[in-house]
Each structure stands twice: as structure tokens, then as C-alpha cells.
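Reviewing the structure listed below.
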Amino acid sequence: MKAILIKYKAEALGAALGAMAGWAYWYFVGCSSGSCAISSSPVNSTLYGAFMGGIAGSMFKKPEKQDHKNQTK
């Protein structure tokens, strides 16, 4: 589990920040009529924020180095 968090730390941090931002959006802005698909429910807005934060966090991940010695032509 620890190795997975280390490998995907950018995505995990982005998802955690996105979840907090999604919940804060629901709490402070929200949708009082209930007709909004995402912001009408705290669960929906938190999950959406976590998903979008994870995607945004993946943009800051360094690309993995490739081993050119074992490639065949």
C-alpha cells in the first residue's frame, strides 16, 4: 500500500485536494433547487472534485525513464 502511494503521490495529492475543493464548492455555492447533477449533493461534488483533482495531479508527474538497452529493433 505504501509503495502504491509513493508511486502515485501526485495523483493522490491532487485527488485529496480536489475532494476538499468539491465539498467546499457544495457547502459554499451548491445548488439549492436540487436540479444540478453535481453540486446538489455533497457526495457527488466531492467525488467529482476528487476525480478532477486526480487528473490534474497526474499532469505534474514526472515521466518514467525508459531503458533503451533492452529494446530490440
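Residues in the C-alpha cells are named by chain (A, B, ... in the order shown) and by number from 1 within that chain; ligands are numbered from 1 in the order shown.
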Any idea what's packed within 8 Å of Gly14 of chain A, counting only C-alpha atoms, ignoring anything in its chain fewer than 5 positions away? Could you give it as a ChimeraX atom specification? /A:50,53-58
Counting only C-alpha atoms, what is within 12 Å of Cys36 of chain A, bar same-chain residues fewer than 6 positions away, as a PyMOL selection string? chain A and resi 26+29-30+42+44-45
File dump, residues just selected, C-alpha atoms, as a PDB file, in the first residue's frame:
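Result file selection_34.pdb:
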ATOM      1  CA  TRP A  26     -21.066  22.242  -2.420  1.00  0.00           C
ATOM      2  CA  VAL A  29     -22.031  27.620  -3.519  1.00  0.00           C
ATOM      3  CA  GLY A  30     -24.086  24.470  -4.016  1.00  0.00           C
ATOM      4  CA  PRO A  42     -22.091  16.656  -1.197  1.00  0.00           C
ATOM      5  CA  ASN A  44     -21.425  13.923  -5.959  1.00  0.00           C
ATOM      6  CA  SER A  45     -19.433  17.139  -5.712  1.00  0.00           C
TER       7      SER A  45
END
Selection: 6 Å around Gly22 of chain A, only C-alpha atoms, excl. self and same-chain fewer than 4 positions, as a list in words: Gly18, Ser45, Thr46 and Gly49 of chain A
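Using only C-alpha atoms for every distance, the candidate list A:Leu13, A:Ala24, A:Met59, A:Ile4 yields A:Ala24 as the residue closest to Val43 of chain A.
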Using DSSP secondary structure from the backbone, list all helix (DSSP H, G or I) positions within segment 1-68 of chain A, as number ranges by chain. A: 2-7, 9-28, 42-58
Can you work out which one of A:Lys65, A:Tyr25, A:Ser41, A:Phe51 has the shortest atom-to-atom distance to Ala12 of chain A, counting only C-alpha atoms? A:Phe51
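Residue nearest Lys7 of chain A, chosen from A:Gln66, A:Tyr27, A:Lys61, A:Ser35 and counting only C-alpha atoms: A:Lys61.
Proximity to Tyr48 of chain A was assessed for A:Ala10, A:Leu17, A:Phe60, A:Ser32 counting only C-alpha atoms; the smallest distance is recorded for A:Leu17.
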